[in-house]
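Engineer: Provided below: protein-v3.cif, containing mmCIF, C-alpha atoms.
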data_coords
loop_
_atom_site.label_atom_id
_atom_site.label_comp_id
_atom_site.auth_asym_id
_atom_site.auth_seq_id
_atom_site.Cartn_x
_atom_site.Cartn_y
_atom_site.Cartn_z
CA MET E 487 196.40 213.64 39.66
CA GLN E 488 198.44 210.50 39.54
CA ASP E 489 199.89 209.58 36.18
CA ARG E 490 198.11 206.41 35.10
CA GLU E 491 200.75 204.19 33.51
CA GLY E 492 202.50 207.04 31.78
CA PHE E 493 199.25 208.58 30.52
CA ASN E 494 200.72 212.08 30.64
CA THR E 495 204.18 211.40 29.33
CA PRO E 496 205.36 213.88 26.66
CA ALA E 497 205.10 211.17 24.00
CA ARG E 498 201.50 210.37 24.95
CA CYS E 499 200.61 214.09 25.04
CA ALA E 500 202.13 214.56 21.59
CA PHE E 501 200.23 211.54 20.32
CA ARG E 502 196.92 212.79 21.73
CA LEU E 503 197.56 216.17 20.09
CA TYR E 504 198.09 214.35 16.80
CA LEU E 505 194.85 212.42 17.22
CA ARG E 506 192.88 215.54 17.99
CA THR E 507 194.33 217.93 15.45
CA GLY E 508 196.39 215.97 12.97
CA ARG E 509 199.39 218.13 13.89
CA ARG E 510 202.68 216.63 14.96
CA ALA E 511 204.24 218.12 18.08
CA VAL E 512 207.86 217.85 19.02
CA VAL E 513 208.05 215.23 21.77
CA GLY E 514 209.19 216.88 24.92
CA SER E 515 207.31 220.12 24.33
CA THR E 516 204.67 221.11 26.84
CA GLU E 517 201.04 220.92 25.83
CA VAL E 518 199.29 223.95 27.26
CA LYS E 519 195.61 224.28 27.88
CA PHE E 520 193.82 225.99 25.03
CA ASN E 521 192.23 229.34 25.76
CA PRO E 522 190.37 230.83 22.80
CA TYR E 523 190.63 234.36 24.18
CA HIS E 524 194.41 234.46 24.28
CA ASP E 525 196.75 234.42 21.35
CA PRO E 526 199.28 231.70 22.25
CA ARG E 527 201.91 233.30 20.04
CA ASN E 528 202.23 236.41 22.19
CA GLY E 529 200.00 235.77 25.21
CA GLN E 530 197.88 238.84 24.49
CA PHE E 531 194.16 238.93 25.11
CA THR E 532 192.11 238.91 21.94
CA PHE E 533 188.52 239.96 21.40
CA ALA E 534 186.51 236.82 20.80
CA PRO E 535 187.86 234.44 18.19
CA GLY E 536 191.42 235.52 17.58
CA GLY E 537 193.99 232.84 18.38
CA PRO E 538 195.28 230.55 15.71
CA ARG E 539 193.40 227.56 17.14
CA ILE E 540 190.10 229.14 16.29
CA SER E 541 191.00 231.07 13.22
CA GLY E 542 188.30 228.97 11.57
CA SER E 543 185.70 231.37 12.80
CA ALA E 544 187.08 234.28 10.89
CA LEU E 545 185.51 235.82 7.86
CA VAL E 546 188.15 238.07 6.39
CA SER E 547 187.68 240.66 3.68
CA PRO E 548 189.96 240.26 0.65
CA ARG E 549 191.65 243.58 1.49
CA ASN E 550 192.43 242.57 5.07
CA PHE E 551 193.53 239.16 3.88
CA ALA E 552 195.96 240.64 1.37
CA MET E 553 197.42 242.86 4.11
CA ALA E 554 197.71 240.10 6.71
CA PRO E 555 201.14 238.92 7.89
CA PRO E 556 202.71 235.89 6.19
CA GLY E 557 201.31 233.48 8.77
CA GLY E 558 197.82 234.46 7.63
CA PRO E 559 195.06 236.49 9.20
CA THR E 560 193.82 235.51 12.62
CA GLY E 561 190.42 237.11 12.38
CA ARG E 562 191.22 240.45 13.94
CA GLY E 563 190.25 243.23 11.61
CA GLY E 564 187.97 240.95 9.66
CA ARG E 565 184.33 240.09 10.20
CA VAL E 566 183.87 237.45 12.79
CA GLY E 567 181.34 234.73 12.30
CA ARG E 568 179.17 233.46 15.14
CA ARG E 569 180.18 230.01 16.22
CA SER E 570 181.59 228.03 19.04
CA PRO E 571 185.22 228.93 19.67
CA ARG E 572 186.15 225.30 19.23
CA GLY E 573 184.68 224.89 15.80
CA GLY E 574 181.56 223.14 14.65
CA ASP E 575 178.40 224.19 12.89
CA ALA E 576 177.95 227.78 11.90
CA GLY E 577 175.70 229.14 14.59
CA GLY E 578 175.70 225.90 16.55
CA ALA E 579 176.92 225.71 20.12
CA ARG E 580 178.34 222.19 19.97
CA PRO E 581 181.49 221.29 18.08
CA ASN E 582 181.02 218.99 15.12
CA TYR E 583 183.66 216.30 14.88
CA ASP E 584 182.19 214.61 11.87
CA PRO E 585 181.51 217.38 9.36
CA THR E 586 179.87 216.34 6.11
CA PHE E 587 179.57 219.75 4.47
CA LEU E 588 182.18 222.41 3.85
CA ARG E 589 180.13 225.07 5.65
CA GLN E 590 180.78 223.08 8.84
CA VAL E 591 184.51 223.27 8.16
CA PHE E 592 184.43 226.90 7.05
CA PRO E 593 181.75 228.52 9.20
CA GLY E 594 180.09 231.36 7.34
CA LEU E 595 180.73 229.86 3.91
CA GLY E 596 178.10 230.92 1.40
CA THR E 597 177.15 234.12 3.17
CA VAL E 598 179.37 236.89 1.82
CA PRO E 599 180.85 236.90 -1.71
CA GLU E 600 184.63 237.01 -2.11
CA ARG E 601 185.27 236.56 1.61
CA VAL E 602 188.18 234.49 2.83
CA ILE E 603 187.20 232.00 5.53
CA MET E 604 189.77 230.18 7.60
CA ALA E 605 189.35 226.46 8.24
CA ALA E 606 188.11 225.31 11.62
CA ASP E 607 190.26 222.74 13.36
CA ALA E 608 187.23 220.55 14.01
CA ILE E 609 187.62 218.67 10.75
CA PHE E 610 190.79 217.06 12.03
CA ASP E 611 189.70 216.94 15.63
CA ILE E 612 188.36 213.46 15.40
CA PHE E 613 188.28 212.68 19.08
CA GLY E 614 187.18 216.00 20.53
CA PRO E 615 189.34 218.36 22.54
CA ALA E 616 188.51 217.01 25.97
CA ASN E 617 188.60 213.30 25.21
CA ALA E 618 191.51 210.95 25.24
CA LEU E 619 191.21 208.09 22.83
CA THR E 620 188.98 205.24 23.88
CA ALA E 621 188.32 202.15 21.84
CA GLU E 622 184.65 202.36 22.89
CA TRP E 623 184.28 205.86 21.46
CA THR E 624 185.93 204.83 18.21
CA GLN E 625 183.75 201.75 17.98
CA ARG E 626 180.61 203.85 18.46
CA GLN E 627 181.73 206.21 15.71
CA ALA E 628 182.47 203.28 13.43
CA SER E 629 179.10 201.71 14.16
CA ASP E 630 177.28 204.99 13.34
CA LEU E 631 179.22 205.36 10.11
CA LEU E 632 178.47 201.78 9.09
CA LYS E 633 174.74 202.34 9.66
CA GLN E 634 174.86 205.48 7.54
CA ILE E 635 176.69 203.68 4.74
CA TRP E 636 174.25 200.73 4.71
CA GLU E 637 171.38 203.17 4.56
CA VAL E 638 172.80 204.61 1.35
CA ASP E 639 174.29 201.41 -0.05
CA PRO E 640 172.62 198.17 1.17
CA HIS E 641 175.23 196.18 -0.79
CA TYR E 642 178.15 197.57 1.21
CA PRO E 643 179.99 194.44 2.56
CA ARG E 644 178.76 193.38 6.02
CA SER E 645 182.25 191.97 6.65
CA ARG E 646 183.61 195.52 7.15
CA ALA E 647 181.88 195.67 10.55
CA GLY E 648 184.03 192.88 11.91
CA GLN E 649 187.37 194.45 11.07
CA PHE E 650 187.92 196.69 14.09
CA PRO E 651 191.72 197.16 14.45
CA ASP E 652 193.75 196.80 17.64
CA THR E 653 196.24 199.63 17.17
CA VAL E 654 195.44 203.33 17.53
CA GLN E 655 196.78 204.18 14.07
CA GLY E 656 194.73 201.29 12.70
CA GLN E 657 191.60 202.71 14.34
CA ILE E 658 192.24 206.17 12.88
CA ASN E 659 192.70 204.64 9.45
CA TYR E 660 189.54 202.58 9.92
CA LEU E 661 187.43 205.66 10.77
CA ASN E 662 188.92 207.67 7.90
CA GLY E 663 188.23 204.76 5.58
CA LEU E 664 184.59 204.55 6.70
CA ARG E 665 184.14 208.30 6.29
CA MET E 666 185.45 208.06 2.75
CA ASP E 667 183.25 205.00 2.08
CA ARG E 668 180.24 207.05 3.19
CA ALA E 669 181.26 210.01 1.03
CA ALA E 670 181.93 207.79 -2.00
CA ALA E 671 178.58 205.99 -1.58
CA LEU E 672 176.66 209.27 -1.31
CA TYR E 673 178.41 210.54 -4.41
CA ARG E 674 178.00 207.40 -6.53
CA ILE E 675 174.44 206.56 -5.52
CA ARG E 676 172.83 209.91 -4.77
CA GLY E 677 175.13 212.25 -6.67
CA GLU E 678 175.92 214.27 -3.52
CA THR E 679 179.29 216.00 -3.68
CA GLY E 680 179.26 217.71 -0.25
CA PRO E 681 180.68 214.85 1.87
CA LEU E 682 183.21 214.03 -0.85
CA GLN E 683 184.43 217.64 -0.76
CA VAL E 684 185.00 217.34 3.00
CA GLU E 685 186.82 214.00 2.76
CA THR E 686 188.93 215.31 -0.12
CA LEU E 687 189.94 218.27 2.03
CA ARG E 688 190.68 216.05 5.04
CA PHE E 689 192.81 213.80 2.84
CA LEU E 690 194.64 216.64 1.08
CA GLN E 691 195.56 218.41 4.32
CA GLU E 692 197.03 215.22 5.78
CA ARG E 693 198.93 214.43 2.58
CA VAL E 694 200.24 218.00 2.14
CA ASP E 695 201.60 217.94 5.71
CA ARG E 696 203.29 214.58 5.16
CA ALA E 697 204.68 215.53 1.75
CA TYR E 698 206.08 218.77 3.17
CA ASP E 699 207.94 216.85 5.91
CA ALA E 700 209.25 214.32 3.39
CA GLY E 701 210.29 217.14 1.04
CA LEU E 702 212.23 218.96 3.74
CA GLU E 703 214.00 215.74 4.63
CA ALA E 704 214.94 215.10 0.99
CA LEU E 705 216.13 218.69 0.60
CA LYS E 706 218.32 218.32 3.66
CA ALA E 707 219.81 215.15 2.24
CA GLY E 708 220.58 217.02 -0.99
CA GLY E 709 218.17 215.02 -3.09
CA LEU E 710 215.99 217.67 -4.79
CA ARG E 711 217.58 219.37 -7.75
CA LEU E 712 215.70 220.21 -10.97
CA THR E 713 214.27 223.67 -10.36
CA PRO E 714 215.84 227.10 -9.80
CA SER E 715 215.38 227.46 -6.04
CA ALA E 716 214.99 225.09 -3.11
CA ARG E 717 211.56 226.48 -2.30
CA VAL E 718 210.26 226.08 -5.84
CA ALA E 719 211.70 222.55 -5.99
CA LEU E 720 210.04 221.69 -2.70
CA GLY E 721 206.72 223.10 -3.92
CA ASN E 722 206.88 221.05 -7.13
CA PHE E 723 207.64 217.78 -5.36
CA VAL E 724 204.92 218.35 -2.76
CA ASP E 725 202.42 219.07 -5.56
CA TRP E 726 203.42 215.98 -7.53
CA ARG E 727 203.22 213.67 -4.58
CA VAL E 728 199.87 214.93 -3.32
CA ARG E 729 198.27 214.86 -6.79
CA ASN E 730 199.53 211.32 -7.28
CA ASP E 731 198.17 210.36 -3.85
CA LEU E 732 194.78 211.86 -4.69
CA ARG E 733 194.53 209.75 -7.85
CA ARG E 734 195.24 206.58 -5.83
CA PHE E 735 192.77 207.67 -3.17
CA TYR E 736 189.88 208.09 -5.61
CA ASN E 737 190.91 204.91 -7.42
CA ILE E 738 190.80 202.83 -4.22
CA TYR E 739 187.35 204.15 -3.28
CA GLY E 740 185.89 203.78 -6.77
CA VAL E 741 185.41 207.49 -7.45
CA SER E 742 185.66 208.08 -11.20
CA THR E 743 187.48 211.18 -12.32
CA GLY E 744 187.71 212.95 -15.67
CA THR E 745 187.26 216.07 -17.75
CA ASP E 746 183.49 215.76 -18.09
CA LEU E 747 182.85 214.37 -14.59
CA PRO E 748 182.14 216.30 -11.38
CA VAL E 749 185.46 215.07 -9.93
CA ARG E 750 188.79 215.75 -11.57
CA VAL E 751 192.45 215.64 -10.51
CA VAL E 752 194.61 218.20 -12.34
CA GLY E 753 193.54 219.37 -15.75
CA ARG E 754 192.97 222.44 -17.81
CA GLU E 755 189.79 224.25 -16.89
CA TYR E 756 188.89 226.47 -19.81
CA ARG E 757 187.17 229.79 -19.99
CA THR E 758 185.36 229.93 -23.29
CA SER E 759 183.18 232.98 -22.65
CA GLU E 760 185.87 235.35 -23.99
CA THR E 761 186.93 235.60 -27.62
CA GLU E 762 190.31 234.17 -26.71
CA ARG E 763 190.12 230.81 -24.94
CA THR E 764 192.20 230.72 -21.74
CA TYR E 765 192.63 228.15 -19.00
CA THR E 766 193.81 227.55 -15.44
CA VAL E 767 194.84 224.29 -13.77
CA PRO E 768 193.54 223.68 -10.23
CA ASP E 769 194.98 220.65 -8.44
CA ALA E 770 191.52 219.15 -8.13
CA ARG E 771 187.84 219.94 -8.35
CA VAL E 772 184.83 218.27 -6.75
CA GLY E 773 181.48 219.65 -7.84
CA LYS E 774 181.62 223.41 -7.60
CA VAL E 775 184.73 223.50 -5.42
CA ALA E 776 188.30 223.91 -6.68
CA PHE E 777 191.23 222.75 -4.52
CA ASP E 778 194.72 224.14 -4.79
CA MET E 779 197.79 223.14 -2.78
CA THR E 780 200.56 225.67 -2.34
CA LEU E 781 203.45 226.75 -0.15
CA PHE E 782 202.72 230.38 -0.98
CA ARG E 783 199.66 232.30 0.09
CA LYS E 784 197.19 232.98 -2.71
CA THR E 785 194.79 235.89 -2.54
CA PRO E 786 191.28 236.41 -3.97
CA GLY E 787 192.62 239.14 -6.25
CA GLY E 788 195.45 237.01 -7.60
CA LYS E 789 195.47 236.00 -11.26
CA GLN E 790 195.24 232.28 -10.55
CA VAL E 791 192.28 232.46 -8.15
CA ARG E 792 190.43 234.85 -10.45
CA GLY E 793 191.14 232.39 -13.28
CA PHE E 794 189.59 229.51 -11.29
CA PHE E 795 186.40 231.49 -10.71
CA ALA E 796 186.20 232.55 -14.35
CA SER E 797 186.53 229.00 -15.72
CA ASP E 798 183.56 227.25 -17.32
CA PHE E 799 182.90 224.85 -14.43
CA GLY E 800 182.08 227.94 -12.36
CA PRO E 801 183.33 227.10 -8.87
CA GLU E 802 181.47 228.63 -5.94
CA THR E 803 184.49 228.16 -3.67
CA VAL E 804 188.25 227.86 -4.04
CA ILE E 805 190.03 226.10 -1.19
CA ILE E 806 193.70 226.85 -0.66
CA ILE E 807 195.58 224.15 1.27
CA ARG E 808 198.99 224.84 2.78
CA PRO E 809 201.17 222.76 5.09
CA SER E 810 200.09 223.10 8.74
CA GLN E 811 203.80 223.40 9.58
CA LEU E 812 203.83 226.88 8.01
CA GLY E 813 201.61 228.21 10.79
CA PRO E 814 197.97 228.84 11.58
CA GLY E 815 195.53 230.11 9.02
CA GLY E 816 197.21 228.15 6.24
CA THR E 817 194.10 226.52 4.86
CA TYR E 818 191.22 228.74 3.81
CA ALA E 819 188.26 229.02 1.50
CA ILE E 820 187.64 231.89 -0.89
CA GLN E 821 184.06 232.52 -1.92
CA ARG E 822 183.09 233.39 -5.44
CA PRO E 823 183.08 237.13 -6.10
CA ARG E 824 179.81 238.77 -7.19
CA SER E 825 181.05 239.48 -10.70
CA MET L 1227 190.04 200.51 5.42
CA ARG L 1228 190.09 199.37 1.84
CA PRO L 1229 193.07 197.24 0.80
CA TYR L 1230 195.76 199.18 -1.01
CA LYS L 1231 195.51 199.17 -4.80
CA PRO L 1232 198.25 200.79 -6.88
CA TYR L 1233 197.17 203.45 -9.37
CA ILE L 1234 198.61 203.02 -12.87
CA PRO L 1235 199.46 206.41 -14.41
CA GLN L 1236 197.67 206.92 -17.72
CA THR L 1237 199.53 209.84 -19.30
CA VAL L 1238 203.05 211.26 -19.52
CA GLY L 1239 202.04 214.00 -17.08
CA GLU L 1240 200.71 211.49 -14.54
CA THR L 1241 203.93 209.43 -14.89
CA ILE L 1242 206.04 212.53 -14.19
CA GLU L 1243 203.97 213.18 -11.07
CA MET L 1244 204.31 209.58 -9.96
CA LEU L 1245 208.11 209.78 -10.34
CA GLY L 1246 208.11 213.03 -8.35
CA SER L 1247 206.10 211.31 -5.66
CA MET L 1248 208.57 208.42 -5.61
CA VAL L 1249 211.46 210.85 -5.05
CA LEU L 1250 209.87 211.80 -1.71
CA ASP L 1251 208.72 208.27 -0.87
CA ALA L 1252 212.13 206.66 -1.37
CA PRO L 1253 213.65 204.42 -0.19
CA LYS L 1254 210.89 202.53 1.65
CA PHE L 1255 207.70 203.63 -0.09
CA GLU L 1256 205.61 202.61 2.91
CA ASP L 1257 202.65 204.47 4.39
CA ASP L 1258 201.00 203.89 7.76
CA SER L 1259 198.00 206.12 7.07
CA TYR L 1260 195.61 206.10 4.08
CA PHE L 1261 197.76 203.69 2.06
CA ALA L 1262 198.67 200.91 4.47
CA GLY L 1263 199.98 198.08 2.29
CA LYS L 1264 201.91 200.32 -0.08
CA SER L 1265 205.47 199.07 -0.69
CA ILE L 1266 208.42 199.31 -3.04
CA ASP L 1267 206.94 196.41 -5.04
CA THR L 1268 203.47 197.97 -5.47
CA GLU L 1269 205.05 201.27 -6.58
CA TYR L 1270 207.44 199.76 -9.11
CA PHE L 1271 204.63 197.59 -10.44
CA ALA L 1272 202.57 200.77 -11.03
CA LEU L 1273 205.53 202.55 -12.65
CA ASP L 1274 206.28 199.62 -15.01
CA GLU L 1275 202.63 199.35 -16.03
CA GLY L 1276 202.41 203.13 -16.47
CA LEU L 1277 205.45 203.15 -18.77
CA LYS L 1278 203.77 200.42 -20.86
CA VAL L 1279 200.64 202.60 -21.18
CA ILE L 1280 202.64 205.51 -22.64
CA LYS L 1281 205.11 203.37 -24.62
CA GLY L 1282 203.63 204.49 -27.94
CA LYS L 1283 204.17 208.16 -27.10
CA LEU L 1284 207.70 207.57 -25.84
CA GLY L 1285 209.03 205.50 -28.72
CA ALA L 1286 210.84 202.17 -28.30
CA ASP L 1287 214.25 203.65 -27.53
CA ARG L 1288 213.14 206.05 -24.81
CA TYR L 1289 210.83 203.42 -23.32
CA THR L 1290 213.66 200.86 -23.03
CA ARG L 1291 215.97 203.42 -21.43
CA LEU L 1292 213.33 204.42 -18.89
CA VAL L 1293 212.59 200.79 -17.97
CA LYS L 1294 216.30 200.15 -17.38
CA MET L 1295 216.63 203.30 -15.29
CA ALA L 1296 213.61 202.31 -13.23
CA LEU L 1297 215.19 198.93 -12.54
CA ARG L 1298 218.44 200.58 -11.43
CA THR L 1299 216.61 202.90 -9.04
CA LYS L 1300 214.75 199.99 -7.49
CA GLU L 1301 218.02 198.11 -6.93
CA LYS L 1302 219.53 201.17 -5.28
CA PHE L 1303 216.57 201.66 -2.96
CA LEU L 1304 216.56 197.99 -1.99
CA ARG L 1305 220.25 198.29 -1.12
CA ALA L 1306 219.55 201.55 0.72
CA SER L 1307 217.22 199.85 3.16
CA ASP L 1308 220.44 198.81 4.92
CA GLY L 1309 220.95 202.49 5.71
CA ASN L 1310 223.18 203.54 2.79
CA ALA L 1311 222.40 207.25 2.24
CA GLU L 1312 224.49 207.39 -0.94
CA ASP L 1313 222.26 204.84 -2.63
CA VAL L 1314 219.17 206.86 -1.69
CA LEU L 1315 220.71 210.00 -3.19
CA ASP L 1316 221.77 208.16 -6.37
CA GLY L 1317 218.32 206.60 -6.69
CA ARG L 1318 216.59 209.95 -6.27
CA ASN L 1319 218.87 211.59 -8.83
CA LEU L 1320 218.09 208.82 -11.30
CA LEU L 1321 214.34 209.32 -10.77
CA ILE L 1322 214.82 213.03 -11.43
CA GLU L 1323 216.73 212.16 -14.64
CA MET L 1324 213.72 210.08 -15.67
CA ILE L 1325 211.46 213.08 -15.03
CA GLU L 1326 213.71 215.27 -17.18
CA MET L 1327 213.69 212.67 -19.94
CA LEU L 1328 209.89 212.55 -19.90
CA ARG L 1329 209.66 216.33 -19.98
CA ARG L 1330 211.66 216.43 -23.21
CA ARG L 1331 208.70 215.35 -25.29
#
If you convert what's in this file into structure tokens, what do you get?
Structural biologist:
Amino acid sequence: MQDREGFNTPARCAFRLYLRTGRRAVVGSTEVKFNPYHDPRNGQFTFAPGGPRISGSALVSPRNFAMAPPGGPTGRGGRVGRRSPRGGDAGGARPNYDPTFLRQVFPGLGTVPERVIMAADAIFDIFGPANALTAEWTQRQASDLLKQIWEVDPHYPRSRAGQFPDTVQGQINYLNGLRMDRAAALYRIRGETGPLQVETLRFLQERVDRAYDAGLEALKAGGLRLTPSARVALGNFVDWRVRNDLRRFYNIYGVSTGTDLPVRVVGREYRTSETERTYTVPDARVGKVAFDMTLFRKTPGGKQVRGFFASDFGPETVIIIRPSQLGPGGTYAIQRPRS
Amino acid sequence: MRPYKPYIPQTVGETIEMLGSMVLDAPKFEDDSYFAGKSIDTEYFALDEGLKVIKGKLGADRYTRLVKMALRTKEKFLRASDGNAEDVLDGRNLLIEMIEMLRRR
């Protein structure tokens, strides 16, 4: 096929990859067609969901998870959920590019206690795997989102409909902003935390990836002292930046946070059921979900995760968010154990 | 997209995290994604206001020193926009000194 005005240049391919997945590719690298039945790391055939692109389908037992290689489990050896290889609803055949509940991001969530479920890519796949960006598509999405917001909040400013941006980055920001407006409206007006959990995850993953890049750059320039090792220093600065970003994010969208509220950014979560009062500090919580950002893999049996589940706010799910740059399977949900 | 609105840190812990964030954001403090409109001025406004919020906990002497250090870092980062890597490094080190000062409660 003829290249339409540089449509398939490496830079455009890298940009389309970013739009679809939120991941940054090195310009000049070749984008290969995705095949869910081959593991792109070694080219080997895998039985059903197995490659990193679709690790979101995997339900992994805590034991298998703990034994998985550093890059994270890919689903082999664990229980495999039934879903489309390209993400989407649990049990649904079509991918869902606008998830509003965590079970759409982590297919199988809520079914088996203490399981580890890898995130589907679909949450960041805002334009769909087969589609290049079109302004028409984005406008349709924006129009749908605006209708949904006005249904929940009739006072939402009508002027927002006339602000469609010209640039691609502007359009991405516009859609993300509308998604967060919808989530914030549903939370404030109807008390629904589900969509806010999804938008918080979307935001945190993007910010963790950016902070990790910025941290590596600062380390290289020799600008991160303070803690005993480079990796610990990097982890601290990434944590600080993302937590600070999350406070601004909620502040801009009018989401109140605090100790006695359903949404909180950093704070001691106590366990008062024992004679001795103890606490853990998740990076954030929204409803019954705790979020924790980390460079290191955390397991269901680890002290910190067990502490989250034991705390008084009683999370049903703990979501661990790691930089995408560290490899596939970095972001996953851990379901509450039975006891 | 909502217009950018700086968040004013409300506690010593939040101020430490803001300074840590600034270490990675320096020297430009701009963001083309969720926080379009963020700049060196919005960030230093938030830091100054945040230091005022915790002034009582810091004490007059520590507060004054931190305000002066903040001003010096801003000057360095403004100079660094010309591409001076040494100013960026100095500015970052000063921000880290501010973090250490705040940690010594």
Engineer: I'd like the interatomic distance between CA of Pro651 in chain E and CA of Arg674 in chain E, to a tenth of an Å.
Structural biologist: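 Between CA of Pro651 in chain E and CA of Arg674 in chain E the gap is 27.1 Å.
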Engineer: Name every residue that the PyMOL selection byres ((chain E) within 10 of (chain L)) selects in this structure, writing the answer as an MDAnalysis selection string with chains first and numbers rising.
Structural biologist: chainID E and resid 646 649:651 655:667 689 692:693 696:705 707:712 720 722:739 752
Engineer: Expanded to explicit residues, what is the PyMOL selection byres ((chain E and resi 621) around 10) for this file, as a list in words?
Structural biologist: Ala618, Leu619, Thr620, Glu622, Trp623, Thr624, Gln625, Arg626, Gln627, Phe650, Pro651, Asp652, Thr653, Val654 and Gln657 of chain E
Engineer: Export, as a tab-separated table (two decimals), keeping the file's coordinate frame, the selected residues with C-alpha atoms.
Structural biologist:
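Dumped to part_11.tsv:
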chain	number	residue	atom	x	y	z
E	618	ALA	CA	191.51	210.95	25.24
E	619	LEU	CA	191.21	208.09	22.83
E	620	THR	CA	188.98	205.24	23.88
E	622	GLU	CA	184.65	202.36	22.89
E	623	TRP	CA	184.28	205.86	21.46
E	624	THR	CA	185.93	204.83	18.21
E	625	GLN	CA	183.75	201.75	17.98
E	626	ARG	CA	180.61	203.85	18.46
E	627	GLN	CA	181.73	206.21	15.71
E	650	PHE	CA	187.92	196.69	14.09
E	651	PRO	CA	191.72	197.16	14.45
E	652	ASP	CA	193.75	196.80	17.64
E	653	THR	CA	196.24	199.63	17.17
E	654	VAL	CA	195.44	203.33	17.53
E	657	GLN	CA	191.60	202.71	14.34
Engineer: To one decimal place, how far is CA of Ala647 in chain E from CA of Val749 in chain E in Å?
Structural biologist: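 Those two atoms sit 28.4 Å apart.
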Engineer: Using all atoms listed in the file, which of E:Arg771, E:Arg783, E:Arg668, E:Lys706 sits nearest Pro809 in chain E?
Structural biologist: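 Once distances to Pro809 in chain E are computed over all atoms listed in the file, the minimum belongs to E:Arg783.
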Engineer: Determine the nearest neighbour of Leu1284 in chain L from the options L:Ala1306, L:Met1327, L:Leu1320, L:Ile1266, counting all atoms listed in the file.
Structural biologist: L:Met1327
Engineer: Translate the PyMOL selection byres ((chain L and resi 1293) around 12), as applied to the file shown, into an explicit residue set as a list in words.
Structural biologist: Tyr1270, Phe1271, Leu1273, Asp1274, Glu1275, Gly1276, Leu1277, Lys1278, Ile1280, Lys1281, Leu1284, Ala1286, Asp1287, Arg1288, Tyr1289, Thr1290, Arg1291, Leu1292, Lys1294, Met1295, Ala1296, Leu1297, Arg1298, Thr1299, Lys1300, Leu1320, Leu1321 and Met1324 of chain L
Engineer: Could those residues be written to a file, using C-alpha atoms, as a PDB file, in the frame of the given file?
Structural biologist:
ATOM      1  CA  TYR L1270     207.440 199.760  -9.110  1.00  0.00           C
ATOM      2  CA  PHE L1271     204.630 197.590 -10.440  1.00  0.00           C
ATOM      3  CA  LEU L1273     205.530 202.550 -12.650  1.00  0.00           C
ATOM      4  CA  ASP L1274     206.280 199.620 -15.010  1.00  0.00           C
ATOM      5  CA  GLU L1275     202.630 199.350 -16.030  1.00  0.00           C
ATOM      6  CA  GLY L1276     202.410 203.130 -16.470  1.00  0.00           C
ATOM      7  CA  LEU L1277     205.450 203.150 -18.770  1.00  0.00           C
ATOM      8  CA  LYS L1278     203.770 200.420 -20.860  1.00  0.00           C
ATOM      9  CA  ILE L1280     202.640 205.510 -22.640  1.00  0.00           C
ATOM     10  CA  LYS L1281     205.110 203.370 -24.620  1.00  0.00           C
ATOM     11  CA  LEU L1284     207.700 207.570 -25.840  1.00  0.00           C
ATOM     12  CA  ALA L1286     210.840 202.170 -28.300  1.00  0.00           C
ATOM     13  CA  ASP L1287     214.250 203.650 -27.530  1.00  0.00           C
ATOM     14  CA  ARG L1288     213.140 206.050 -24.810  1.00  0.00           C
ATOM     15  CA  TYR L1289     210.830 203.420 -23.320  1.00  0.00           C
ATOM     16  CA  THR L1290     213.660 200.860 -23.030  1.00  0.00           C
ATOM     17  CA  ARG L1291     215.970 203.420 -21.430  1.00  0.00           C
ATOM     18  CA  LEU L1292     213.330 204.420 -18.890  1.00  0.00           C
ATOM     19  CA  LYS L1294     216.300 200.150 -17.380  1.00  0.00           C
ATOM     20  CA  MET L1295     216.630 203.300 -15.290  1.00  0.00           C
ATOM     21  CA  ALA L1296     213.610 202.310 -13.230  1.00  0.00           C
ATOM     22  CA  LEU L1297     215.190 198.930 -12.540  1.00  0.00           C
ATOM     23  CA  ARG L1298     218.440 200.580 -11.430  1.00  0.00           C
ATOM     24  CA  THR L1299     216.610 202.900  -9.040  1.00  0.00           C
ATOM     25  CA  LYS L1300     214.750 199.990  -7.490  1.00  0.00           C
ATOM     26  CA  LEU L1320     218.090 208.820 -11.300  1.00  0.00           C
ATOM     27  CA  LEU L1321     214.340 209.320 -10.770  1.00  0.00           C
ATOM     28  CA  MET L1324     213.720 210.080 -15.670  1.00  0.00           C
TER      29      MET L1324
END
Engineer: Report, in Å with one decimal, the straight-line distance from CA of Val602 in chain E to CA of Leu781 in chain E.
Structural biologist: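 Answer for the CA of Val602 in chain E to CA of Leu781 in chain E separation: 17.4 Å.
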